[in-house]
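Chemist: File name entry.txt; file contents compact mmCIF, C-alpha atoms and all ligand atoms; full text below.
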```
# COMPACT_ATOMS: atom_id res chain seq x y z
CA MET A 1 -126.35 -46.70 -72.02
CA THR A 2 -126.66 -49.09 -69.15
CA ASN A 3 -130.19 -50.22 -68.38
CA VAL A 4 -130.64 -50.23 -64.59
CA VAL A 5 -133.74 -51.52 -62.80
CA TRP A 6 -134.18 -51.26 -59.05
CA ILE A 7 -137.18 -52.92 -57.41
CA LYS A 8 -137.28 -51.90 -53.74
CA HIS A 9 -139.30 -52.28 -50.57
CA ALA A 10 -140.85 -55.65 -51.50
CA ALA A 11 -142.93 -56.89 -48.56
CA GLN A 12 -141.52 -60.34 -49.37
CA LEU A 13 -138.71 -60.91 -51.85
CA ALA A 14 -138.76 -64.69 -52.33
CA THR A 15 -135.26 -65.22 -53.75
CA LEU A 16 -135.03 -69.03 -53.64
CA ALA A 17 -131.32 -68.37 -53.43
CA GLN A 18 -128.93 -71.26 -53.13
CA ALA A 19 -125.57 -72.07 -54.59
CA GLY A 20 -125.39 -74.50 -57.47
CA THR A 21 -127.89 -75.96 -59.90
CA VAL A 22 -129.01 -79.09 -58.07
CA PRO A 23 -132.79 -79.49 -57.68
CA ARG A 24 -134.21 -79.07 -54.21
CA ILE A 25 -135.63 -82.07 -52.36
CA LYS A 26 -137.63 -82.72 -49.19
CA GLU A 27 -137.54 -79.93 -46.57
CA ALA A 28 -135.37 -77.71 -48.80
CA MET A 29 -138.37 -77.26 -51.09
CA ASN A 30 -139.96 -75.18 -48.30
CA ASP A 31 -137.02 -72.79 -48.03
CA LEU A 32 -137.80 -69.72 -50.15
CA SER A 33 -134.99 -67.56 -48.70
CA ILE A 34 -137.36 -64.64 -48.18
CA ILE A 35 -136.04 -61.14 -47.59
CA GLU A 36 -138.46 -58.69 -45.97
CA ASP A 37 -138.34 -55.11 -47.26
CA GLY A 38 -136.36 -56.68 -50.08
CA SER A 39 -134.57 -55.02 -52.97
CA ILE A 40 -133.13 -56.23 -56.24
CA TRP A 41 -130.79 -54.36 -58.60
CA ILE A 42 -130.60 -55.45 -62.27
CA GLU A 43 -128.07 -54.07 -64.74
CA ASP A 44 -128.18 -54.81 -68.45
CA GLY A 45 -130.43 -57.78 -67.84
CA ILE A 46 -128.33 -59.40 -65.11
CA ILE A 47 -128.96 -59.34 -61.35
CA ARG A 48 -126.14 -57.40 -59.67
CA ALA A 49 -127.41 -57.22 -56.09
CA VAL A 50 -130.11 -58.72 -53.87
CA GLY A 51 -130.70 -57.74 -50.24
CA THR A 52 -132.71 -55.55 -47.93
CA THR A 53 -133.64 -52.12 -49.26
CA GLN A 54 -131.38 -50.59 -46.62
CA GLN A 55 -128.40 -52.65 -47.82
CA LEU A 56 -128.93 -51.72 -51.46
CA GLU A 57 -129.50 -48.05 -50.62
CA GLU A 58 -126.10 -48.07 -49.01
CA GLN A 59 -124.44 -50.04 -51.83
CA PHE A 60 -125.83 -47.89 -54.65
CA LYS A 61 -126.12 -44.50 -52.97
CA ASP A 62 -124.10 -42.83 -55.74
CA ARG A 63 -125.95 -44.51 -58.58
CA ALA A 64 -129.62 -44.49 -57.52
CA HIS A 65 -130.37 -41.61 -59.93
CA ALA A 66 -129.47 -43.85 -62.90
CA ALA A 67 -132.03 -46.52 -62.00
CA GLU A 68 -135.59 -47.02 -63.15
CA ILE A 69 -137.13 -47.49 -59.70
CA THR A 70 -140.20 -49.55 -58.83
CA ASP A 71 -141.64 -49.20 -55.35
CA ALA A 72 -142.89 -52.67 -54.39
CA THR A 73 -144.18 -51.69 -50.94
CA GLY A 74 -146.80 -54.20 -49.82
CA HIS A 75 -146.09 -56.63 -52.66
CA LEU A 76 -144.65 -60.10 -53.12
CA VAL A 77 -141.74 -60.34 -55.59
CA THR A 78 -140.58 -63.70 -56.96
CA PRO A 79 -138.39 -65.10 -59.74
CA GLY A 80 -140.12 -65.33 -63.13
CA LEU A 81 -142.04 -68.60 -63.25
CA VAL A 82 -140.62 -71.44 -65.34
CA ASP A 83 -142.86 -73.85 -67.26
CA PRO A 84 -140.75 -76.97 -67.93
CA HIS A 85 -143.26 -78.95 -70.03
CA THR A 86 -145.42 -77.59 -72.86
CA HIS A 87 -146.58 -78.48 -76.35
CA VAL A 88 -147.02 -74.79 -77.14
CA ALA A 89 -146.16 -74.77 -80.88
CA TYR A 90 -149.24 -76.39 -82.43
CA GLY A 91 -151.81 -75.60 -85.10
CA GLY A 92 -155.59 -75.30 -84.61
CA SER A 93 -157.68 -76.20 -81.59
CA ARG A 94 -159.90 -79.07 -80.35
CA GLU A 95 -162.85 -77.66 -78.42
CA ARG A 96 -165.24 -80.25 -79.93
CA GLU A 97 -163.22 -83.04 -78.23
CA PHE A 98 -163.72 -81.28 -74.91
CA GLU A 99 -167.47 -81.60 -75.44
CA MET A 100 -167.09 -85.24 -76.50
CA ARG A 101 -165.23 -86.05 -73.30
CA LEU A 102 -167.94 -84.37 -71.25
CA GLU A 103 -170.41 -86.58 -73.07
CA GLY A 104 -168.45 -89.65 -71.92
CA ALA A 105 -165.71 -90.40 -74.49
CA THR A 106 -162.23 -91.04 -73.04
CA TYR A 107 -159.01 -89.33 -74.12
CA MET A 108 -157.67 -92.58 -75.60
CA GLU A 109 -160.92 -93.44 -77.41
CA ILE A 110 -160.83 -90.07 -79.15
CA MET A 111 -157.17 -90.51 -80.07
CA ASN A 112 -157.66 -94.07 -81.35
CA ALA A 113 -160.49 -92.81 -83.57
CA GLY A 114 -158.07 -90.44 -85.32
CA GLY A 115 -158.72 -87.41 -83.07
CA GLY A 116 -156.53 -86.19 -80.23
CA ILE A 117 -152.85 -85.89 -81.12
CA HIS A 118 -153.69 -87.07 -84.68
CA ALA A 119 -156.14 -84.19 -85.17
CA THR A 120 -153.58 -81.61 -84.05
CA THR A 121 -150.95 -83.30 -86.22
CA LYS A 122 -153.16 -82.77 -89.27
CA MET A 123 -153.70 -79.09 -88.43
CA THR A 124 -150.01 -78.57 -87.67
CA ARG A 125 -148.96 -80.20 -90.95
CA GLU A 126 -151.35 -77.93 -92.85
CA ALA A 127 -150.20 -74.69 -91.16
CA THR A 128 -147.35 -72.66 -92.64
CA GLU A 129 -144.34 -71.79 -90.51
CA ASP A 130 -145.55 -68.18 -90.32
CA GLU A 131 -149.01 -69.25 -89.21
CA LEU A 132 -147.55 -71.44 -86.47
CA VAL A 133 -145.30 -68.59 -85.32
CA GLU A 134 -148.35 -66.32 -85.12
CA GLN A 135 -150.46 -68.83 -83.14
CA THR A 136 -147.62 -69.78 -80.80
CA LYS A 137 -146.67 -66.14 -80.18
CA LYS A 138 -150.15 -65.45 -78.77
CA ARG A 139 -149.75 -68.31 -76.30
CA LEU A 140 -146.30 -67.05 -75.26
CA ASP A 141 -147.78 -63.57 -74.69
CA SER A 142 -150.35 -65.18 -72.42
CA PHE A 143 -147.61 -67.05 -70.53
CA LEU A 144 -145.84 -63.74 -69.87
CA LYS A 145 -149.05 -62.18 -68.56
CA HIS A 146 -149.23 -65.07 -66.09
CA GLY A 147 -145.71 -64.42 -64.82
CA VAL A 148 -143.96 -67.12 -66.85
CA THR A 149 -140.61 -65.99 -68.30
CA THR A 150 -139.14 -69.34 -69.41
CA VAL A 151 -140.96 -72.12 -71.26
CA GLU A 152 -139.95 -75.53 -72.56
CA GLY A 153 -141.68 -76.50 -75.83
CA LYS A 154 -142.00 -79.88 -77.53
CA SER A 155 -142.42 -80.90 -81.14
CA GLY A 156 -144.56 -84.00 -81.71
CA TYR A 157 -147.44 -82.69 -83.79
CA GLY A 158 -145.57 -83.29 -87.02
CA LEU A 159 -144.85 -87.01 -86.85
CA ASP A 160 -143.08 -86.71 -90.18
CA LEU A 161 -139.61 -85.35 -90.76
CA ALA A 162 -140.62 -82.10 -92.47
CA THR A 163 -143.25 -81.09 -89.93
CA GLU A 164 -141.21 -82.05 -86.88
CA LEU A 165 -138.43 -79.81 -88.20
CA LYS A 166 -140.98 -77.08 -89.00
CA GLN A 167 -142.27 -77.09 -85.41
CA LEU A 168 -138.75 -76.90 -84.01
CA ARG A 169 -137.82 -74.08 -86.40
CA VAL A 170 -140.92 -72.18 -85.28
CA MET A 171 -139.62 -72.43 -81.71
CA LYS A 172 -136.14 -71.37 -82.79
CA ARG A 173 -137.60 -68.28 -84.47
CA LEU A 174 -139.66 -67.44 -81.39
CA GLN A 175 -136.62 -67.82 -79.17
CA GLN A 176 -135.15 -64.96 -81.19
CA GLU A 177 -138.33 -62.90 -81.71
CA HIS A 178 -140.08 -63.26 -78.34
CA ALA A 179 -139.04 -62.07 -74.87
CA ILE A 180 -139.62 -65.51 -73.36
CA ASP A 181 -136.79 -68.03 -73.25
CA LEU A 182 -138.11 -71.02 -75.19
CA VAL A 183 -136.19 -74.27 -74.62
CA PRO A 184 -136.83 -76.86 -77.36
CA THR A 185 -137.52 -80.58 -77.01
CA PHE A 186 -137.81 -83.07 -79.87
CA MET A 187 -140.79 -85.40 -79.41
CA GLY A 188 -141.13 -87.31 -82.66
CA ALA A 189 -142.46 -90.24 -80.63
CA HIS A 190 -145.50 -88.36 -79.33
CA ALA A 191 -147.62 -90.91 -81.22
CA VAL A 192 -147.31 -93.28 -84.16
CA PRO A 193 -148.96 -91.44 -87.07
CA THR A 194 -152.02 -93.09 -88.61
CA GLU A 195 -150.20 -93.83 -91.89
CA PHE A 196 -147.90 -96.21 -89.94
CA LYS A 197 -150.75 -98.21 -88.38
CA ASN A 198 -149.64 -101.85 -87.89
CA ARG A 199 -146.09 -100.89 -88.90
CA GLU A 200 -145.25 -99.15 -85.62
CA ASP A 201 -141.61 -100.29 -85.52
CA GLU A 202 -141.03 -98.77 -88.96
CA TYR A 203 -142.05 -95.43 -87.52
CA ILE A 204 -139.60 -95.91 -84.63
CA ASP A 205 -136.91 -96.64 -87.26
CA LEU A 206 -137.78 -93.34 -88.94
CA VAL A 207 -137.48 -91.45 -85.65
CA VAL A 208 -134.13 -93.07 -84.85
CA ASN A 209 -132.54 -93.13 -88.30
CA LYS A 210 -133.86 -89.93 -89.91
CA MET A 211 -135.43 -87.53 -87.44
CA LEU A 212 -132.90 -87.63 -84.59
CA PRO A 213 -129.88 -87.06 -86.88
CA ALA A 214 -131.65 -84.19 -88.69
CA VAL A 215 -132.68 -82.51 -85.42
CA ALA A 216 -129.16 -82.85 -84.05
CA ASP A 217 -127.61 -81.64 -87.29
CA GLU A 218 -129.56 -78.36 -87.16
CA LYS A 219 -129.14 -78.15 -83.35
CA LEU A 220 -132.88 -77.74 -83.01
CA ALA A 221 -133.41 -79.43 -79.64
CA VAL A 222 -131.86 -79.85 -76.20
CA PHE A 223 -134.10 -82.69 -74.96
CA ASN A 224 -135.65 -85.85 -76.42
CA ASP A 225 -139.07 -86.90 -75.13
CA VAL A 226 -141.41 -89.87 -75.80
CA PHE A 227 -145.06 -90.64 -74.90
CA CYS A 228 -144.47 -94.01 -73.23
CA GLU A 229 -148.06 -95.17 -72.83
CA VAL A 230 -150.18 -98.29 -73.37
CA GLY A 231 -151.29 -98.22 -77.01
CA VAL A 232 -148.86 -95.41 -77.96
CA ILE A 233 -145.09 -96.08 -77.57
CA THR A 234 -143.91 -99.17 -75.63
CA PRO A 235 -141.18 -99.00 -72.95
CA GLU A 236 -138.84 -100.93 -75.30
CA GLN A 237 -139.43 -98.52 -78.19
CA SER A 238 -139.08 -95.59 -75.78
CA GLN A 239 -135.75 -96.85 -74.51
CA ARG A 240 -134.47 -97.34 -78.04
CA ILE A 241 -135.33 -93.74 -78.99
CA LEU A 242 -133.96 -92.22 -75.80
CA GLU A 243 -130.69 -94.17 -76.00
CA ALA A 244 -130.31 -93.20 -79.66
CA GLY A 245 -130.89 -89.54 -78.78
CA LYS A 246 -128.18 -89.65 -76.14
CA LYS A 247 -125.63 -90.41 -78.86
CA TYR A 248 -126.49 -87.00 -80.35
CA GLY A 249 -126.28 -85.28 -76.97
CA LEU A 250 -130.07 -85.04 -76.57
CA ILE A 251 -131.10 -85.40 -72.92
CA PRO A 252 -133.95 -87.87 -72.22
CA LYS A 253 -137.35 -86.95 -70.82
CA ILE A 254 -140.37 -89.30 -70.64
CA HIS A 255 -144.15 -88.88 -70.56
CA ALA A 256 -144.50 -91.69 -68.04
CA ASP A 257 -147.42 -93.56 -66.44
CA GLU A 258 -149.98 -90.91 -67.40
CA ILE A 259 -153.04 -92.98 -68.31
CA GLU A 260 -152.00 -96.46 -67.18
CA PRO A 261 -149.11 -97.84 -65.09
CA TYR A 262 -146.45 -98.89 -67.62
CA GLY A 263 -143.06 -98.82 -65.86
CA GLY A 264 -142.36 -95.31 -67.17
CA ALA A 265 -140.96 -93.97 -63.89
CA GLU A 266 -138.62 -96.96 -63.64
CA LEU A 267 -137.51 -96.46 -67.23
CA ALA A 268 -136.80 -92.76 -66.59
CA ALA A 269 -134.46 -93.70 -63.76
CA LYS A 270 -132.86 -96.45 -65.83
CA VAL A 271 -132.01 -94.32 -68.89
CA GLY A 272 -130.88 -91.38 -66.74
CA ALA A 273 -133.69 -89.08 -67.86
CA ILE A 274 -133.48 -85.57 -66.42
CA SER A 275 -137.21 -85.75 -65.68
CA ALA A 276 -140.27 -87.95 -65.93
CA GLU A 277 -143.57 -86.25 -66.72
CA HIS A 278 -147.19 -86.79 -65.54
CA LEU A 279 -146.68 -89.91 -63.32
CA LEU A 280 -150.37 -90.13 -62.34
CA LYS A 281 -150.10 -93.91 -62.15
CA ALA A 282 -146.43 -94.25 -61.12
CA SER A 283 -145.71 -97.29 -58.95
CA ASP A 284 -144.06 -97.15 -55.51
CA GLU A 285 -141.01 -98.90 -57.02
CA GLY A 286 -140.90 -96.27 -59.76
CA ILE A 287 -141.03 -93.44 -57.22
CA LYS A 288 -138.20 -95.05 -55.25
CA ALA A 289 -136.14 -95.54 -58.41
CA MET A 290 -136.59 -91.87 -59.29
CA ALA A 291 -135.56 -90.75 -55.79
CA ASP A 292 -132.44 -92.93 -55.98
CA ALA A 293 -131.52 -91.67 -59.46
CA GLY A 294 -132.37 -88.01 -58.73
CA THR A 295 -134.88 -87.94 -61.60
CA ILE A 296 -137.08 -84.84 -61.40
CA ALA A 297 -140.84 -85.53 -61.31
CA CYS A 298 -142.51 -82.99 -63.53
CA LEU A 299 -146.13 -83.02 -62.33
CA LEU A 300 -149.05 -81.60 -64.31
CA PRO A 301 -152.09 -81.22 -62.05
CA ALA A 302 -154.05 -79.13 -64.57
CA THR A 303 -153.94 -82.10 -66.98
CA ALA A 304 -155.25 -84.45 -64.31
CA LEU A 305 -158.08 -82.03 -63.54
CA TYR A 306 -158.90 -81.54 -67.22
CA LEU A 307 -159.01 -85.30 -67.83
CA ARG A 308 -160.97 -85.70 -64.57
CA GLU A 309 -158.30 -88.05 -63.20
CA GLN A 310 -156.74 -88.29 -59.76
CA ALA A 311 -153.62 -86.09 -59.70
CA ALA A 312 -150.12 -87.54 -59.24
CA GLN A 313 -148.96 -88.29 -55.70
CA GLY A 314 -146.91 -85.14 -55.30
CA ARG A 315 -146.88 -85.20 -51.50
CA LYS A 316 -145.69 -88.81 -51.44
CA MET A 317 -142.99 -88.11 -54.03
CA ILE A 318 -141.56 -85.15 -52.12
CA ASP A 319 -141.59 -87.14 -48.87
CA ALA A 320 -139.80 -89.98 -50.70
CA GLY A 321 -137.02 -87.58 -51.76
CA VAL A 322 -137.97 -87.05 -55.40
CA PRO A 323 -137.28 -83.50 -56.63
CA VAL A 324 -140.63 -82.15 -57.85
CA ALA A 325 -141.33 -79.54 -60.53
CA ILE A 326 -144.75 -78.51 -61.87
CA SER A 327 -145.95 -77.41 -65.27
CA THR A 328 -149.02 -76.48 -67.32
CA ASP A 329 -148.50 -79.17 -70.02
CA CYS A 330 -150.01 -76.45 -72.28
CA ASN A 331 -151.44 -78.42 -75.22
CA PRO A 332 -154.67 -78.40 -77.26
CA GLY A 333 -156.09 -81.66 -75.86
CA SER A 334 -155.45 -82.48 -72.23
CA SER A 335 -154.50 -79.06 -70.82
CA PRO A 336 -155.21 -75.98 -72.91
CA THR A 337 -153.94 -73.45 -70.37
CA THR A 338 -151.03 -71.06 -69.97
CA SER A 339 -151.65 -70.37 -66.29
CA MET A 340 -148.80 -71.47 -64.04
CA PRO A 341 -150.46 -69.66 -61.10
CA LEU A 342 -153.45 -72.00 -61.54
CA VAL A 343 -151.05 -74.96 -61.65
CA MET A 344 -149.46 -73.80 -58.37
CA ASN A 345 -152.93 -73.58 -56.80
CA LEU A 346 -153.76 -77.10 -58.02
CA ALA A 347 -150.43 -78.47 -56.81
CA CYS A 348 -151.52 -77.46 -53.32
CA ILE A 349 -155.16 -78.48 -53.62
CA SER A 350 -154.90 -81.77 -55.48
CA MET A 351 -151.36 -82.94 -54.66
CA ARG A 352 -151.04 -81.47 -51.14
CA LEU A 353 -147.87 -79.50 -51.77
CA THR A 354 -147.30 -76.66 -49.31
CA PRO A 355 -147.55 -73.13 -50.77
CA ALA A 356 -143.76 -72.81 -50.50
CA GLU A 357 -143.14 -76.18 -52.20
CA ALA A 358 -145.46 -75.18 -55.04
CA LEU A 359 -143.48 -71.98 -55.65
CA THR A 360 -140.16 -73.88 -55.59
CA ALA A 361 -141.63 -76.45 -58.02
CA ALA A 362 -142.68 -73.64 -60.40
CA THR A 363 -139.39 -71.73 -60.30
CA TYR A 364 -136.10 -73.22 -59.17
CA ASN A 365 -136.90 -76.94 -59.59
CA ALA A 366 -138.65 -76.21 -62.90
CA ALA A 367 -135.51 -74.47 -64.13
CA CYS A 368 -133.46 -77.51 -63.07
CA ALA A 369 -135.79 -79.76 -65.10
CA ILE A 370 -134.78 -77.93 -68.29
CA GLN A 371 -131.16 -77.18 -67.38
CA MET A 372 -131.82 -73.45 -67.02
CA ALA A 373 -131.02 -73.11 -63.31
CA ASP A 374 -127.70 -71.40 -64.06
CA LYS A 375 -129.68 -68.56 -65.71
CA THR A 376 -133.09 -68.31 -64.05
CA GLY A 377 -135.43 -69.81 -61.42
CA SER A 378 -134.03 -67.84 -58.46
CA LEU A 379 -133.06 -64.24 -57.72
CA GLU A 380 -129.30 -64.41 -57.33
CA ILE A 381 -126.33 -62.34 -58.43
CA GLY A 382 -125.26 -63.26 -61.96
CA LYS A 383 -128.60 -64.71 -63.05
CA GLN A 384 -130.99 -63.10 -65.54
CA GLY A 385 -133.26 -60.36 -64.25
CA ASP A 386 -136.43 -62.48 -64.65
CA VAL A 387 -138.78 -61.10 -62.00
CA VAL A 388 -142.51 -61.01 -61.16
CA LEU A 389 -144.18 -58.40 -58.97
CA TRP A 390 -147.49 -59.74 -57.64
CA ASP A 391 -150.55 -57.78 -56.58
CA ILE A 392 -150.55 -59.53 -53.19
CA SER A 393 -148.28 -59.35 -50.18
CA ASN A 394 -147.07 -62.88 -49.40
CA TYR A 395 -146.44 -66.27 -50.96
CA GLN A 396 -149.21 -68.10 -49.07
CA GLU A 397 -151.74 -65.71 -50.59
CA LEU A 398 -150.40 -66.59 -54.03
CA GLN A 399 -151.59 -70.19 -53.62
CA TYR A 400 -154.64 -69.38 -51.49
CA LEU A 401 -156.42 -66.87 -53.75
CA PHE A 402 -156.98 -69.31 -56.58
CA GLY A 403 -158.05 -69.09 -60.20
CA VAL A 404 -157.17 -65.39 -60.48
CA ASN A 405 -154.16 -63.82 -62.13
CA HIS A 406 -152.34 -61.71 -59.52
CA VAL A 407 -149.46 -60.64 -61.77
CA LYS A 408 -148.85 -56.88 -61.66
CA SER A 409 -145.52 -56.51 -63.50
CA VAL A 410 -143.02 -58.80 -65.18
CA TRP A 411 -139.39 -58.16 -66.13
CA LYS A 412 -137.54 -60.43 -68.54
CA LYS A 413 -133.77 -59.97 -68.59
CA GLY A 414 -134.31 -56.63 -66.88
CA ILE A 415 -136.81 -55.34 -69.44
CA LYS A 416 -140.36 -54.65 -68.24
CA VAL A 417 -142.61 -56.76 -70.45
CA VAL A 418 -145.87 -56.64 -68.46
CA GLY A 419 -147.42 -53.86 -66.37
O1 LIG B 501 -148.81 -84.37 -72.24
N1 LIG B 501 -149.78 -87.15 -73.18
C1 LIG B 501 -149.41 -86.83 -74.27
N2 LIG B 501 -149.29 -85.59 -74.74
C2 LIG B 501 -149.97 -84.47 -74.24
C3 LIG B 501 -151.33 -84.33 -74.82
C4 LIG B 501 -151.29 -84.03 -76.26
C5 LIG B 501 -152.60 -83.80 -76.91
O2 LIG B 501 -153.66 -84.27 -76.46
O3 LIG B 501 -152.58 -83.10 -77.94
C6 LIG B 501 -149.91 -84.49 -72.74
O4 LIG B 501 -150.93 -84.62 -72.05
FE FE B 502 -147.18 -83.37 -72.30
```
Please rewrite the model in this file as structure tokens.
Modeler:
Amino acid sequence: MTNVVWIKHAAQLATLAQAGTVPRIKEAMNDLSIIEDGSIWIEDGIIRAVGTTQQLEEQFKDRAHAAEITDATGHLVTPGLVDPHTHVAYGGSREREFEMRLEGATYMEIMNAGGGIHATTKMTREATEDELVEQTKKRLDSFLKHGVTTVEGKSGYGLDLATELKQLRVMKRLQQEHAIDLVPTFMGAHAVPTEFKNREDEYIDLVVNKMLPAVADEKLAVFNDVFCEVGVITPEQSQRILEAGKKYGLIPKIHADEIEPYGGAELAAKVGAISAEHLLKASDEGIKAMADAGTIACLLPATALYLREQAAQGRKMIDAGVPVAISTDCNPGSSPTTSMPLVMNLACISMRLTPAEALTAATYNAACAIQMADKTGSLEIGKQGDVVLWDISNYQELQYLFGVNHVKSVWKKGIKVVG
């Protein structure tokens, strides 16, 4: 039997409709294509019609009885949020490091002393695949409750062949077992593991010669990411890994200029990365290079807040013509959160995005950053029925009432999964 969902009378239906899959830049990021008294009709998981309630009442007058109807009077309805940058599939947790940082230790000091990414690597290596599935599933459930219906997830807490593959297989299993769409990224160069200390290039050889071919062979990833950072992976090593990945069809992404300026934004433009992440310390030349190349800036204001750093220059990047997306960076060290609504609030408060830009950055542009814009990120005919009904009436309120979860109901591929 056909599953039909009809959400009608939305005070604001923010469709973000536009033809194509090109990320929005500049003024277009403010255009939410809002329909007042809006209606959306989803059939077997796919959006079949979007318009005013009057239009859809006319179009479906003979079939209304077959639909599961939701009256959205007084409510904002948006596309399901998209989180284009997470490290969601990890073992254990690191609350003691949070205390240490409050006592004055820096993120890099903790990591260089064998904590940070190395601590999570140890816990992820020790966890079984089933245990990782269990822990990751809880985080995905929390994402859904916060209105997020699509999530990118990175490996990078294995740092050896077996565990990198284990993390990616965990994500593959969850893609099948969980309602959320989980898009996998290989990140073997998240750090050089402690056993390769002073033999860093040998680890890069391992990533290039063993890990990349194995990941490609099992088709376990779509993207290839590196932590290009002073004291972690150099720009030269990063370039080598990203170019090698391209030969296997893996699309480059880069953790760029997070802690110190390191030419990461420039490198992203140079290697044709789909996106560059963090960019707290990106140079003006790097921002220009990204605008020219069309590289998406994936900005993570919750990470900046959590590390007590100045956020990236989101306002400046948008004005310079860089397409901007935003993300939680969900990870156990620098941003242990699953709240994209909080990230939208912070995008406005600490990066001076407008409320409309923040919503575009968390939906349509985020989908573009993980090549999912043909399926989700806007409410348009032919796309998946990924929809959020909010317990508020307009999009400005969504960014204004901060730190609270206003999600009332969520549909993923036309199935109600929350509310
Ligand atoms: O994006 N910067 C590198 N990676 C993560 C943090 C990982 C961790 O601390 O476990 C990030 O912030
Ligand atoms: Fe990250």
Chemist: Please determine, counting all atoms listed in the file, which residue among A:Val404, A:Ile233, A:Val133, A:Val271 has the shortest atom-to-atom distance to ligand LIG 501 (chain B).
Modeler: A:Ile233
Chemist: Which residues of chain A sit at most 9 Å from ligand LIG 501 (chain B), using all atoms listed in the file? Give each one's shortest atom pair and distance in Å (one decimal place), in chain and ascending residue order, as CSV.
Modeler:
```
residue,atom,partner,partner_atom,distance
A:His85,CA,B:LIG501,O1,8.1
A:Thr86,CA,B:LIG501,O1,7.6
A:His87,CA,B:LIG501,C2,7.2
A:Tyr90,CA,B:LIG501,O3,8.7
A:Arg94,CA,B:LIG501,O3,8.7
A:Tyr107,CA,B:LIG501,O2,7.7
A:Met111,CA,B:LIG501,O2,8.0
A:Gly115,CA,B:LIG501,O2,8.9
A:Gly116,CA,B:LIG501,O2,5.1
A:Ile117,CA,B:LIG501,O3,4.2
A:His118,CA,B:LIG501,O3,7.9
A:Ala119,CA,B:LIG501,O3,8.1
A:Thr120,CA,B:LIG501,O3,6.4
A:Thr121,CA,B:LIG501,O3,8.4
A:Gly156,CA,B:LIG501,N2,8.6
A:Tyr157,CA,B:LIG501,O3,7.8
A:His190,CA,B:LIG501,N2,6.6
A:Ala191,CA,B:LIG501,C1,8.3
A:Val226,CA,B:LIG501,C1,8.7
A:Phe227,CA,B:LIG501,C1,5.8
A:Cys228,CA,B:LIG501,N1,8.7
A:Glu229,CA,B:LIG501,N1,8.2
A:His255,CA,B:LIG501,N1,6.4
A:Ala256,CA,B:LIG501,N1,8.7
A:Glu258,CA,B:LIG501,N1,6.9
A:Ile259,CA,B:LIG501,N1,8.3
A:Glu277,CA,B:LIG501,O1,7.8
A:His278,CA,B:LIG501,O1,7.3
A:Leu300,CA,B:LIG501,O1,8.4
A:Thr303,CA,B:LIG501,O4,6.4
A:Ala304,CA,B:LIG501,O4,8.9
A:Asp329,CA,B:LIG501,O1,5.7
A:Cys330,CA,B:LIG501,O1,8.0
A:Asn331,CA,B:LIG501,O3,5.5
A:Pro332,CA,B:LIG501,O3,5.2
A:Gly333,CA,B:LIG501,O2,3.6
A:Ser334,CA,B:LIG501,O2,4.9
A:Ser335,CA,B:LIG501,O4,6.7
```
Chemist: Just C-alpha atoms for this one: save the residues we selected as a short mmCIF file (atom, residue, chain, number, x, y, z; two decimals), keeping the file's coordinate frame.
Modeler:
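The result, written out as out_37.cif:
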```
data_model
loop_
_atom_site.label_atom_id
_atom_site.label_comp_id
_atom_site.auth_asym_id
_atom_site.auth_seq_id
_atom_site.Cartn_x
_atom_site.Cartn_y
_atom_site.Cartn_z
CA HIS A 85 -143.26 -78.95 -70.03
CA THR A 86 -145.42 -77.59 -72.86
CA HIS A 87 -146.58 -78.48 -76.35
CA TYR A 90 -149.24 -76.39 -82.43
CA ARG A 94 -159.90 -79.07 -80.35
CA TYR A 107 -159.01 -89.33 -74.12
CA MET A 111 -157.17 -90.51 -80.07
CA GLY A 115 -158.72 -87.41 -83.07
CA GLY A 116 -156.53 -86.19 -80.23
CA ILE A 117 -152.85 -85.89 -81.12
CA HIS A 118 -153.69 -87.07 -84.68
CA ALA A 119 -156.14 -84.19 -85.17
CA THR A 120 -153.58 -81.61 -84.05
CA THR A 121 -150.95 -83.30 -86.22
CA GLY A 156 -144.56 -84.00 -81.71
CA TYR A 157 -147.44 -82.69 -83.79
CA HIS A 190 -145.50 -88.36 -79.33
CA ALA A 191 -147.62 -90.91 -81.22
CA VAL A 226 -141.41 -89.87 -75.80
CA PHE A 227 -145.06 -90.64 -74.90
CA CYS A 228 -144.47 -94.01 -73.23
CA GLU A 229 -148.06 -95.17 -72.83
CA HIS A 255 -144.15 -88.88 -70.56
CA ALA A 256 -144.50 -91.69 -68.04
CA GLU A 258 -149.98 -90.91 -67.40
CA ILE A 259 -153.04 -92.98 -68.31
CA GLU A 277 -143.57 -86.25 -66.72
CA HIS A 278 -147.19 -86.79 -65.54
CA LEU A 300 -149.05 -81.60 -64.31
CA THR A 303 -153.94 -82.10 -66.98
CA ALA A 304 -155.25 -84.45 -64.31
CA ASP A 329 -148.50 -79.17 -70.02
CA CYS A 330 -150.01 -76.45 -72.28
CA ASN A 331 -151.44 -78.42 -75.22
CA PRO A 332 -154.67 -78.40 -77.26
CA GLY A 333 -156.09 -81.66 -75.86
CA SER A 334 -155.45 -82.48 -72.23
CA SER A 335 -154.50 -79.06 -70.82
#
```
Chemist: Counting all atoms listed in the file, figure out which residue out of A:Leu299, A:Ile46, A:Leu132, A:Met171 gets nearest to ligand FE 502 (chain B).
Modeler: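 Distance minimum relative to ligand FE 502 (chain B) lands on A:Leu299.
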Chemist: Around (-142.2, -92.9, -65.5) in the file's frame, which residues reach within 12 Å when counting only C-alpha atoms? Return as a PyMOL selection string?
Modeler: chain A and resi 225-229+235+238-239+252-291+295-299+312
Chemist: Find the residue from A:Val322, A:Leu401, A:Ala28, A:Ile47 that sits nearest to A:Asn345; use only C-alpha atoms when measuring.
Modeler: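 The shortest atom-to-atom distance to A:Asn345 comes from A:Leu401.
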